[in-house]
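Here is input_24.txt, consisting of compact mmCIF, C-alpha atoms:
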# COMPACT_ATOMS: atom_id res chain seq x y z
CA MET A 4 -29.42 56.49 -147.71
CA LEU A 5 -25.77 57.13 -147.03
CA SER A 6 -22.91 54.62 -146.97
CA PHE A 7 -21.46 53.43 -143.68
CA ASN A 8 -18.01 54.63 -142.70
CA ASP A 9 -15.39 51.88 -142.79
CA ALA A 10 -12.97 50.73 -140.13
CA PHE A 11 -10.10 48.63 -141.43
CA SER A 12 -8.30 47.67 -138.23
CA GLU A 13 -8.69 47.08 -134.50
CA GLU A 14 -7.02 50.47 -133.97
CA ASP A 15 -9.73 52.14 -136.10
CA MET A 16 -12.45 50.58 -133.95
CA LYS A 17 -10.74 51.52 -130.68
CA ALA A 18 -10.32 55.11 -131.92
CA TRP A 19 -14.01 55.23 -132.93
CA LEU A 20 -15.14 54.03 -129.49
CA GLU A 21 -12.84 56.58 -127.83
CA ARG A 22 -14.28 59.40 -129.97
CA LEU A 23 -17.79 58.26 -129.05
CA GLU A 24 -16.98 58.28 -125.32
CA ASN A 25 -15.35 61.71 -125.61
CA PHE A 26 -18.45 63.03 -127.36
CA LEU A 27 -20.77 61.54 -124.72
CA LYS A 28 -18.40 62.62 -121.93
CA HIS A 29 -18.57 59.27 -120.15
CA ARG A 30 -17.40 55.68 -120.57
CA ILE A 31 -19.88 53.33 -122.12
CA LYS A 32 -20.34 49.59 -121.83
CA PRO A 33 -20.41 48.66 -125.51
CA GLU A 34 -22.76 46.13 -127.05
CA PHE A 35 -22.29 45.29 -130.71
CA TYR A 36 -24.57 43.38 -133.06
CA LEU A 37 -22.22 41.64 -135.45
CA GLU A 38 -23.26 40.61 -138.94
CA LEU A 39 -21.38 39.70 -142.08
CA LYS A 40 -21.11 42.30 -144.84
CA ILE A 41 -22.85 41.12 -147.98
CA ASP A 42 -21.11 42.49 -151.06
CA GLY A 43 -24.07 43.56 -153.11
CA LEU A 44 -26.22 46.59 -153.81
CA ALA A 45 -28.02 48.53 -151.06
CA ILE A 46 -31.77 48.87 -151.53
CA GLU A 47 -34.68 50.57 -149.82
CA LEU A 48 -38.18 49.09 -149.86
CA ILE A 49 -41.35 51.04 -149.04
CA TYR A 50 -44.48 49.17 -147.98
CA GLU A 51 -47.97 50.62 -147.69
CA ASP A 52 -50.64 48.53 -145.98
CA GLY A 53 -48.32 45.54 -146.26
CA ILE A 54 -47.80 45.88 -150.04
CA LEU A 55 -44.46 46.70 -151.68
CA VAL A 56 -45.05 50.02 -153.49
CA GLU A 57 -41.51 51.25 -154.14
CA GLY A 58 -37.98 49.90 -154.31
CA SER A 59 -34.90 51.98 -154.96
CA THR A 60 -31.12 51.94 -154.93
CA ARG A 61 -28.96 54.26 -152.83
CA GLY A 62 -28.28 56.44 -155.87
CA ASP A 63 -26.22 59.44 -154.79
CA GLY A 64 -27.29 59.03 -151.15
CA VAL A 65 -30.06 61.61 -151.44
CA THR A 66 -31.91 60.54 -154.59
CA GLY A 67 -32.17 56.85 -155.35
CA GLU A 68 -32.94 55.11 -158.61
CA ASP A 69 -36.44 53.60 -158.84
CA VAL A 70 -35.99 49.87 -159.57
CA THR A 71 -39.32 48.65 -158.16
CA GLN A 72 -40.27 46.37 -161.07
CA ASN A 73 -36.88 44.65 -161.05
CA LEU A 74 -36.87 44.15 -157.28
CA LYS A 75 -40.29 42.52 -157.56
CA THR A 76 -38.65 39.68 -159.52
CA ILE A 77 -36.43 38.71 -156.56
CA GLU A 78 -38.00 35.83 -154.65
CA ALA A 79 -36.47 36.83 -151.29
CA ILE A 80 -38.25 40.22 -151.35
CA PRO A 81 -41.87 39.90 -150.17
CA LEU A 82 -44.39 41.60 -152.45
CA SER A 83 -46.98 41.55 -149.69
CA LEU A 84 -46.72 40.76 -146.00
CA LYS A 85 -48.86 38.39 -143.99
CA ILE A 86 -49.24 40.54 -140.91
CA ARG A 87 -52.59 39.51 -139.45
CA ASN A 88 -52.70 38.27 -135.86
CA SER A 89 -49.49 40.15 -135.16
CA LYS A 90 -48.68 41.05 -131.58
CA PHE A 91 -46.99 44.30 -132.54
CA GLU A 92 -48.40 47.44 -134.11
CA ILE A 93 -47.50 47.69 -137.80
CA PRO A 94 -47.46 51.18 -139.32
CA SER A 95 -49.48 51.58 -142.51
CA ARG A 96 -46.30 52.80 -144.24
CA PHE A 97 -42.83 51.56 -143.38
CA ILE A 98 -39.35 51.37 -144.84
CA VAL A 99 -36.96 48.41 -144.95
CA ARG A 100 -33.33 48.51 -146.02
CA GLY A 101 -31.33 45.61 -147.29
CA GLU A 102 -28.90 44.27 -149.82
CA VAL A 103 -29.37 42.56 -153.19
CA PHE A 104 -26.60 40.16 -154.08
CA LEU A 105 -25.64 37.30 -156.35
CA THR A 106 -24.39 34.00 -154.93
CA LYS A 107 -21.07 32.66 -156.19
CA LYS A 108 -22.87 29.59 -157.56
CA GLU A 109 -25.25 31.76 -159.60
CA PHE A 110 -22.34 33.97 -160.72
CA GLU A 111 -20.56 30.87 -162.06
CA ARG A 112 -23.74 29.74 -163.87
CA ILE A 113 -24.12 33.16 -165.55
CA ASN A 114 -20.46 33.18 -166.64
CA LYS A 115 -20.82 29.68 -168.15
CA GLU A 116 -23.76 31.00 -170.19
CA GLN A 117 -21.64 33.98 -171.27
CA GLU A 118 -18.87 31.61 -172.43
CA LYS A 119 -21.35 29.44 -174.40
CA LYS A 120 -22.53 32.57 -176.21
CA GLY A 121 -18.92 33.58 -176.94
CA LEU A 122 -19.26 36.62 -174.69
CA ARG A 123 -16.83 37.96 -172.13
CA SER A 124 -17.12 36.67 -168.56
CA TYR A 125 -18.24 39.07 -165.84
CA ALA A 126 -15.58 40.28 -163.39
CA ASN A 127 -17.39 39.86 -160.06
CA PRO A 128 -20.80 39.02 -158.53
CA ARG A 129 -21.34 42.51 -157.07
CA ASN A 130 -21.20 44.23 -160.46
CA VAL A 131 -23.53 41.64 -162.00
CA ALA A 132 -26.03 42.16 -159.15
CA ALA A 133 -25.88 45.95 -159.51
CA GLY A 134 -26.25 45.78 -163.30
CA SER A 135 -29.09 43.27 -163.05
CA VAL A 136 -31.11 45.48 -160.70
CA ARG A 137 -30.74 48.38 -163.15
CA GLN A 138 -31.84 46.44 -166.27
CA LEU A 139 -34.55 48.04 -168.38
CA ASN A 140 -36.14 44.63 -168.89
CA PRO A 141 -37.33 42.94 -165.63
CA ALA A 142 -37.18 39.54 -167.39
CA ILE A 143 -33.38 39.86 -167.57
CA THR A 144 -33.28 40.69 -163.85
CA ALA A 145 -35.45 37.64 -163.10
CA SER A 146 -33.17 35.38 -165.15
CA ARG A 147 -30.19 36.31 -162.94
CA ARG A 148 -31.73 34.71 -159.80
CA LEU A 149 -30.68 37.47 -157.43
CA ASP A 150 -30.99 37.09 -153.67
CA SER A 151 -31.59 39.59 -150.89
CA PHE A 152 -31.17 40.05 -147.14
CA ALA A 153 -32.99 42.71 -145.15
CA TYR A 154 -30.93 44.29 -142.38
CA GLY A 155 -32.67 47.45 -141.22
CA LEU A 156 -36.01 49.01 -140.34
CA VAL A 157 -36.08 52.76 -140.81
CA THR A 158 -39.60 52.95 -139.39
CA ASP A 159 -40.22 52.89 -135.63
CA PHE A 160 -41.88 49.62 -134.61
CA GLY A 161 -40.84 50.18 -130.99
CA GLN A 162 -37.56 48.33 -131.55
CA LYS A 163 -34.77 49.33 -129.18
CA THR A 164 -31.83 47.37 -130.61
CA HIS A 165 -30.54 46.21 -133.97
CA ALA A 166 -31.09 42.60 -132.83
CA GLU A 167 -34.78 43.43 -132.33
CA GLU A 168 -34.89 44.88 -135.87
CA HIS A 169 -33.69 41.56 -137.26
CA LYS A 170 -36.32 39.63 -135.28
CA LEU A 171 -39.05 42.00 -136.53
CA LEU A 172 -37.85 41.71 -140.12
CA HIS A 173 -37.93 37.93 -139.86
CA LYS A 174 -41.48 38.01 -138.41
CA LEU A 175 -42.57 40.26 -141.27
CA GLY A 176 -41.35 37.65 -143.76
CA PHE A 177 -38.00 39.07 -144.82
CA LYS A 178 -34.97 36.92 -145.37
CA THR A 179 -32.19 37.79 -142.92
CA ASP A 180 -28.87 36.10 -142.31
CA ASN A 181 -29.51 35.36 -138.63
CA THR A 182 -27.39 32.20 -138.73
CA HIS A 183 -24.15 34.16 -138.53
CA HIS A 184 -25.19 37.16 -136.44
CA ARG A 185 -23.82 37.55 -132.94
CA LEU A 186 -24.13 39.91 -130.00
CA ALA A 187 -20.77 41.00 -128.60
CA LYS A 188 -20.29 42.69 -125.23
CA SER A 189 -16.80 44.03 -125.96
CA LEU A 190 -14.36 44.97 -128.70
CA LYS A 191 -12.42 41.83 -127.77
CA GLU A 192 -15.44 39.63 -128.61
CA MET A 193 -15.97 41.58 -131.81
CA PHE A 194 -12.37 41.09 -132.95
CA LYS A 195 -12.64 37.35 -132.18
CA TYR A 196 -15.70 37.16 -134.48
CA GLN A 197 -13.84 39.07 -137.19
CA ARG A 198 -10.78 36.81 -136.98
CA TYR A 199 -12.99 33.69 -137.16
CA TRP A 200 -14.57 34.85 -140.42
CA GLU A 201 -11.28 36.04 -141.89
Let me see whether you can do it: turn the structure in this file into structure tokens.
Amino acid sequence: MLSFNDAFSEEDMKAWLERLENFLKHRIKPEFYLELKIDGLAIELIYEDGILVEGSTRGDGVTGEDVTQNLKTIEAIPLSLKIRNSKFEIPSRFIVRGEVFLTKKEFERINKEQEKKGLRSYANPRNVAAGSVRQLNPAITASRRLDSFAYGLVTDFGQKTHAEEHKLLHKLGFKTDNTHHRLAKSLKEMFKYQRYWE
């Protein structure tokens, strides 16, 4: 599970699209599925017959860290899926990718507790989320009230677009941030979305 490459400017995105067209040897009509980046910890979830059997971090990109028991304490991550009467074929084993994060409100609550105990405040929500997922004691993870969004299906459900992946994830019972997602038909639309959120 490798990290995405970053683009930090409009010029970076234009150069990426140009490289893509040069590689394909033809112009393309771009379509982008835009979603906000959640600053948390990437996770992978493996389900067998609708039951969560394994959860891991990205680790070094090749080998992840098994954090199944801790991920099971996060309310937004389904332990089992209600998939009867479904109109689409569900593989007996499938993989979901997502992000575990800590809301700012929860981060503030945790830091207030730290202060009451005379302990140092935590620096940022991302580090608290990452440390919480890696706790040896799942009760500590549960006490941190972590949240999660699913954003990707590694398994083939017949989906053709990333937008379809989000719809499938939602149908399967995963929490997704569909409120802020948008389909853009050009770089211009994409940059407008970016400027709005900035």
Long-range neighbours of range 14-18 of chain A as JSON, numbers by chain, 9 Å cut-off, all atoms listed in the file, 5 positions minimum in chain
{"A": [9, 23, 190]}
Let me make sure I understand: among A:Phe26, A:Phe104, A:Tyr154, A:Trp200, which one has the smallest atom-to-atom distance to Val131 in chain A if we use all atoms listed in the file?
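Selected residue with least distance to Val131 in chain A: A:Phe104.
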State, in Å with one decimal place, the distance from CA of Tyr125 in chain A to CA of Leu44 in chain A.
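Interatomic distance, CA of Tyr125 in chain A to CA of Leu44 in chain A: 16.3 Å.
For the atom pair formed by CA of Glu167 in chain A and CA of Leu27 in chain A, the distance is 24.1 Å, given to one decimal.
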For CA of Glu38 in chain A and CA of His184 in chain A, quote the distance in Å rounded to one decimal.
4.7 Å
For a quick check of understanding, using all atoms listed in the file, which of A:Ile77, A:Val103, A:Ala166, A:Val65 has the smallest distance to Asp42 in chain A?
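Of all the options, A:Val103 lies closest to Asp42 in chain A.
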Shell around Gln162 in chain A at 12 Å using all atoms listed in the file, local window under 4 positions removed, as a list in words:
Phe91, Glu92, Ile93, Gly155, Leu156, Val157, Thr158, Ala166, Glu167, Glu168, His169, Lys170, Leu171 and Leu172 of chain A
Need the shell around Val56 in chain A: protein/DNA/RNA residues with any atom at most 12 Å away, counting all atoms listed in the file. Skip same-chain ones fewer than 4 positions apart. Format as a list in words?
Glu47, Leu48, Ile49, Tyr50, Glu51, Asp52, Asp69, Val70, Thr71, Gln72, Leu74, Lys75, Pro81, Leu82, Ser83, Ser95, Arg96, Phe97, Ile98 and Val99 of chain A
Which of A:Asn130, A:Ser124, A:Arg137, A:Arg148 sits closest to Thr106 in chain A [using all atoms listed in the file]:
A:Arg148
Just want the 10 Å neighbourhood of Gly62 in chain A, counted on all atoms listed in the file, with same-chain residues fewer than 4 positions away dropped. Output as an NGL selection string.
:A and (4-5 or 45-46 or 66-69)
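If all atoms listed in the file are the atoms counted, then among A:Ile80, A:Ile143, A:Leu175, A:Ala10 the closest residue to Glu57 in chain A is A:Ile80.
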Taking into account all atoms listed in the file, which residue in the set A:Glu201, A:Leu139, A:Ala187, A:Phe177 is nearest to Leu37 in chain A?
A:Ala187
Show me, as a CSV table (one decimal) with C-alpha atoms, in the frame of the given file, the residues that have an atom within 10 Å of range 108-120 of chain A when counting only C-alpha atoms, minus same-chain residues fewer than 6 positions from it.
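Dumped everything to out.csv:
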chain,number,residue,atom,x,y,z
A,126,ALA,CA,-15.6,40.3,-163.4
A,127,ASN,CA,-17.4,39.9,-160.1
A,128,PRO,CA,-20.8,39.0,-158.5
A,129,ARG,CA,-21.3,42.5,-157.1
A,131,VAL,CA,-23.5,41.6,-162.0
A,132,ALA,CA,-26.0,42.2,-159.2
A,146,SER,CA,-33.2,35.4,-165.2
A,147,ARG,CA,-30.2,36.3,-162.9
A,148,ARG,CA,-31.7,34.7,-159.8
A,149,LEU,CA,-30.7,37.5,-157.4
A,150,ASP,CA,-31.0,37.1,-153.7
Export N, CA and C atoms of range 89-123 of chain A from the structure just given, as a short mmCIF file (atom, residue, chain, number, x, y, z; two decimals), in the first residue's frame?
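Now in decode29.cif:
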data_model
loop_
_atom_site.label_atom_id
_atom_site.label_comp_id
_atom_site.auth_asym_id
_atom_site.auth_seq_id
_atom_site.Cartn_x
_atom_site.Cartn_y
_atom_site.Cartn_z
N SER A 89 -28.58 -7.93 -1.79
CA SER A 89 -27.79 -6.97 -2.56
C SER A 89 -27.93 -7.26 -4.05
N LYS A 90 -27.95 -6.18 -4.83
CA LYS A 90 -28.11 -6.33 -6.27
C LYS A 90 -26.78 -6.59 -6.97
N PHE A 91 -25.68 -6.46 -6.26
CA PHE A 91 -24.39 -6.71 -6.89
C PHE A 91 -23.68 -7.88 -6.23
N GLU A 92 -22.86 -8.54 -7.01
CA GLU A 92 -22.12 -9.72 -6.55
C GLU A 92 -21.02 -9.30 -5.58
N ILE A 93 -21.01 -9.88 -4.39
CA ILE A 93 -20.01 -9.53 -3.40
C ILE A 93 -19.03 -10.69 -3.26
N PRO A 94 -17.75 -10.43 -3.56
CA PRO A 94 -16.75 -11.50 -3.42
C PRO A 94 -16.68 -12.00 -1.97
N SER A 95 -16.31 -13.25 -1.80
CA SER A 95 -16.22 -13.80 -0.44
C SER A 95 -15.08 -13.15 0.34
N ARG A 96 -14.08 -12.65 -0.37
CA ARG A 96 -12.96 -11.95 0.27
C ARG A 96 -12.74 -10.64 -0.48
N PHE A 97 -12.71 -9.54 0.25
CA PHE A 97 -12.43 -8.27 -0.42
C PHE A 97 -11.68 -7.32 0.51
N ILE A 98 -11.06 -6.32 -0.12
CA ILE A 98 -10.18 -5.40 0.59
C ILE A 98 -10.67 -3.97 0.42
N VAL A 99 -10.72 -3.26 1.54
CA VAL A 99 -11.13 -1.86 1.59
C VAL A 99 -9.96 -1.04 2.13
N ARG A 100 -9.77 0.13 1.57
CA ARG A 100 -8.74 1.04 2.10
C ARG A 100 -9.40 2.31 2.60
N GLY A 101 -8.81 2.88 3.61
CA GLY A 101 -9.38 4.09 4.18
C GLY A 101 -8.39 4.81 5.07
N GLU A 102 -8.93 5.69 5.88
CA GLU A 102 -8.12 6.54 6.74
C GLU A 102 -8.73 6.54 8.13
N VAL A 103 -7.89 6.45 9.14
CA VAL A 103 -8.32 6.62 10.53
C VAL A 103 -7.83 8.00 10.96
N PHE A 104 -8.71 8.74 11.60
CA PHE A 104 -8.33 10.10 11.99
C PHE A 104 -8.98 10.47 13.31
N LEU A 105 -8.57 11.60 13.83
CA LEU A 105 -9.09 12.13 15.08
C LEU A 105 -9.66 13.51 14.78
N THR A 106 -10.91 13.75 15.19
CA THR A 106 -11.49 15.07 14.96
C THR A 106 -10.80 16.11 15.84
N LYS A 107 -10.89 17.36 15.45
CA LYS A 107 -10.28 18.43 16.25
C LYS A 107 -10.93 18.51 17.63
N LYS A 108 -12.26 18.29 17.66
CA LYS A 108 -12.98 18.34 18.93
C LYS A 108 -12.47 17.25 19.89
N GLU A 109 -12.28 16.05 19.36
CA GLU A 109 -11.78 14.95 20.20
C GLU A 109 -10.32 15.20 20.61
N PHE A 110 -9.54 15.78 19.70
CA PHE A 110 -8.15 16.13 20.00
C PHE A 110 -8.09 17.11 21.18
N GLU A 111 -8.98 18.10 21.16
CA GLU A 111 -9.02 19.09 22.25
C GLU A 111 -9.42 18.42 23.57
N ARG A 112 -10.39 17.48 23.51
CA ARG A 112 -10.81 16.77 24.72
C ARG A 112 -9.65 15.97 25.32
N ILE A 113 -8.90 15.27 24.45
CA ILE A 113 -7.76 14.47 24.92
C ILE A 113 -6.69 15.36 25.55
N ASN A 114 -6.42 16.51 24.93
CA ASN A 114 -5.41 17.41 25.48
C ASN A 114 -5.84 18.02 26.82
N LYS A 115 -7.15 18.26 27.00
CA LYS A 115 -7.64 18.75 28.30
C LYS A 115 -7.41 17.69 29.38
N GLU A 116 -7.63 16.42 29.02
CA GLU A 116 -7.36 15.33 29.96
C GLU A 116 -5.87 15.27 30.30
N GLN A 117 -5.03 15.45 29.29
CA GLN A 117 -3.58 15.45 29.51
C GLN A 117 -3.20 16.55 30.51
N GLU A 118 -3.77 17.74 30.31
CA GLU A 118 -3.46 18.88 31.19
C GLU A 118 -3.90 18.60 32.63
N LYS A 119 -5.11 18.01 32.79
CA LYS A 119 -5.61 17.68 34.14
C LYS A 119 -4.68 16.72 34.86
N LYS A 120 -4.05 15.82 34.09
CA LYS A 120 -3.13 14.84 34.67
C LYS A 120 -1.72 15.40 34.84
N GLY A 121 -1.53 16.66 34.42
CA GLY A 121 -0.20 17.27 34.51
C GLY A 121 0.76 16.76 33.45
N LEU A 122 0.21 16.21 32.38
CA LEU A 122 1.02 15.68 31.29
C LEU A 122 1.09 16.67 30.14
N ARG A 123 2.07 16.48 29.30
CA ARG A 123 2.27 17.34 28.14
C ARG A 123 1.14 17.17 27.13
#
